[in-house]
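Visitor: After the structure tokens below, expect a handful of questions from me.
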Amino acid sequence: MTIPRDFKSIQNVFAVIEILRTIDDKAGLVCAVGDLSRDFGFDSFVVTRLPVKEQRVRPHVLLHSGWDDWLYNYDRSRYYLADPVARKCFETVEPFSWAEAAGGKLSPEAVKIMDDAASRGMQRGLAIPIIDHCGFHSVVSLVGGPDDLQDFEKRALQLFGYYVHGAAERIARIQATSATLSERELDILHLLACGKTMGTIGKELQISVETVKTHVKRARVKLQTKNVPQTIVEAMRSRQLLV
Amino acid sequence: MHVVAIDADNRSKFNAELDQHFRLRADIFVGELQWTDLTVKDGREYDQFDHRDAVYILAINAGEGVVGGLRLLPTQRPTLMSEIFPQAANMADMPTGPNVYEWTRFFVVPHWRGEGRQSPVSGILFCGLFEYLLREQIETVRCIGETWWMPRFIGFGMSPRPLGIPIRHDRWSLTAFSFEPSHQALASLRKVHGIEHSVLATDRGDARKGDIVHV
């Protein structure tokens, strides 16, 4: 099939791929990806690594827009291991619509996940599976999209998804470098993640509660987080904290 | 394990390795991957682009011989992309010139492929390729390959530029791209693959002495 070089949305994909190389902050990347996705009729997106042995996805999310509530619900409901979209990412390297993943015989749990997503306005979407340079699986998932997405548009978005993932990984590395937690900060976050209070932690480490708070505050500043739970999640997502 | 670069000047010293490489290409591309467009003669796969000006980058393991390889074609002569897949460069002109080469026929023998993670042989081949490209001052490389490999090339720090939207060919999705070899990319490749030293045999005439990287 001949692909029209003058097709504006396709030209935009190639222009944005060039721009992605120069973006080095998350907000800029979210903006660029959101703008181009909307050109194709997609409302929101997520870029995430796909863990093999874990049930939670949020610590592995690299980038998203408009997925806060769904990701919270997704992890709380332990959807990941039964999610047909996530499972299909381990079976194919081709982009696929969510409807394709939901085709065939689904488990009751998988049906529940698709229904729950649909009830939250996520009826359809496009998944772009990725195997990265280390052999790990990731996905760029776009919500929405037109019924009549052309094959060449899908393939252009596949390429776009690859570059978005590359940029998200690059930015994650930059942030990880500038946000390396000290051993003490990690110890305290680990104990907080285990459910201990700051007072208990202070006694255990033989330091004052104020010192514990100072360590937590430093970790929050480094990770640019707003509260303790978010700090723990971010420390896990950046693979510094293993709980 | 080391990498040799075989061109018109030193080809006579590597007849055995080249022959083994053509046989492996038949086994892998035709036997295993079933690329039906290719032709096998006398157990060897070769085509019209395996001419005197083609360059072969081969990974050699002591006692075993060729364990991986790739082919570089000068773009001032017909190439796979210009003759068979020109439609793959559907959004940009394919770079062409005296310092532009086309990379084709990348392979690693089955028992040296990685499970999940990259194979050590592919890492050595990529590093050897970049060392050769930088040594020969090749400015641009163009390539058509399976689309799902693109995230790997991006992750390796090769900064590939797509020349078009992926195309379908038989069961395969293929993408044309180009990249400019750089010392930065070589450093990134070495870091990703845990390679600290040169893997390309420096003595073009006597590369068999090398046993440079142990894997």
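Ordering of the structure tokens sets the chain letters (A, B, ...); residue numbers start at 1 within each chain; ligands are numbered from 1 in the order shown.
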Once you count only C-alpha atoms, which residues of chain B turn out to be within 12 Å of chain A? Could you give them as a count of residues only?
Guide: 55
Visitor: From a backbone DSSP assignment, name each residue in segment 18-187 of chain B labelled strand (DSSP E or B), as a PyMOL selection string.
Guide: chain B and resi 40-41+44-45+55-61+65-74+100-108+140-146+161-162+167-169+172-179
Visitor: Using only C-alpha atoms, which residues sit within 12 Å of Gly121 of chain A once same-chain residues fewer than 5 positions away are excluded, as a list in words?
Guide: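 That gives Asp43, Ser44, Gly66, Trp67, Asp69, Trp70, Met114, Asp115, Asp116, Val143 and Gly144 of chain A.
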Visitor: Could you write out, as a list in words, all the residues of segment 23-92 of chain B that DSSP marks as alpha helix (DSSP H)?
Guide: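 So, restricting segment 23-92 of chain B to alpha helix (DSSP H), we get Arg23, Leu24, Arg25, Leu80, Met81, Ser82 and Glu83 of chain B.
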Visitor: Print the selection's residues with N, CA and C atoms to a file, as a PDB file, in the first residue's frame.
Guide:
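To be explicit, this is the file written out as again.pdb:
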ATOM      1  N   ARG B  23      26.886 -20.274   4.509  1.00  0.00           N
ATOM      2  CA  ARG B  23      26.132 -21.469   4.914  1.00  0.00           C
ATOM      3  C   ARG B  23      25.200 -21.149   6.090  1.00  0.00           C
ATOM      4  N   LEU B  24      25.714 -20.369   7.046  1.00  0.00           N
ATOM      5  CA  LEU B  24      24.871 -19.985   8.186  1.00  0.00           C
ATOM      6  C   LEU B  24      23.701 -19.127   7.734  1.00  0.00           C
ATOM      7  N   ARG B  25      23.941 -18.268   6.760  1.00  0.00           N
ATOM      8  CA  ARG B  25      22.846 -17.437   6.229  1.00  0.00           C
ATOM      9  C   ARG B  25      21.744 -18.318   5.628  1.00  0.00           C
ATOM     10  N   LEU B  80      19.797  -3.606  -1.339  1.00  0.00           N
ATOM     11  CA  LEU B  80      18.509  -4.211  -1.008  1.00  0.00           C
ATOM     12  C   LEU B  80      17.420  -3.142  -0.915  1.00  0.00           C
ATOM     13  N   MET B  81      17.746  -2.028  -0.255  1.00  0.00           N
ATOM     14  CA  MET B  81      16.732  -0.981  -0.075  1.00  0.00           C
ATOM     15  C   MET B  81      16.414  -0.293  -1.394  1.00  0.00           C
ATOM     16  N   SER B  82      17.435  -0.008  -2.174  1.00  0.00           N
ATOM     17  CA  SER B  82      17.187   0.751  -3.408  1.00  0.00           C
ATOM     18  C   SER B  82      16.482  -0.101  -4.462  1.00  0.00           C
ATOM     19  N   GLU B  83      16.747  -1.421  -4.457  1.00  0.00           N
ATOM     20  CA  GLU B  83      16.206  -2.272  -5.528  1.00  0.00           C
ATOM     21  C   GLU B  83      14.956  -3.046  -5.121  1.00  0.00           C
TER      22      GLU B  83
END
Visitor: Which neighbours of segment 33-38 of chain B fall inside 12 Å, counting only C-alpha atoms, when residues of the same chain fewer than 4 positions from it are skipped, and could you give them as an NGL selection string?
Guide: :B and (24-29 or 44-49 or 80 or 84 or 105 or 107 or 110 or 169-172)
Visitor: Quote the spacing between atom CA of Thr96 of chain B and atom CA of Cys127 of chain B in Å to one decimal place.
Guide: 23.3 Å
Visitor: Can you measure atom CA of Phe130 of chain B to atom CA of Ala5 of chain B for me? One decimal in Å is fine.
Guide: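 Taking atom CA of Phe130 of chain B and atom CA of Ala5 of chain B, their separation equals 11.2 Å.
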Visitor: Which residues come within 9 Å of segment 123-125 of chain A, counting only C-alpha atoms, excluding same-chain residues fewer than 4 positions away, as a VMD selection string?
Guide: chain A and resid 42 96 to 99 114 to 115 117 to 119 141 to 145
Visitor: So the first atom is atom CA of Ala101 of chain A and the second is atom CA of Ile144 of chain B; what is the distance between them in Å, to one decimal place?
Guide: 28.8 Å
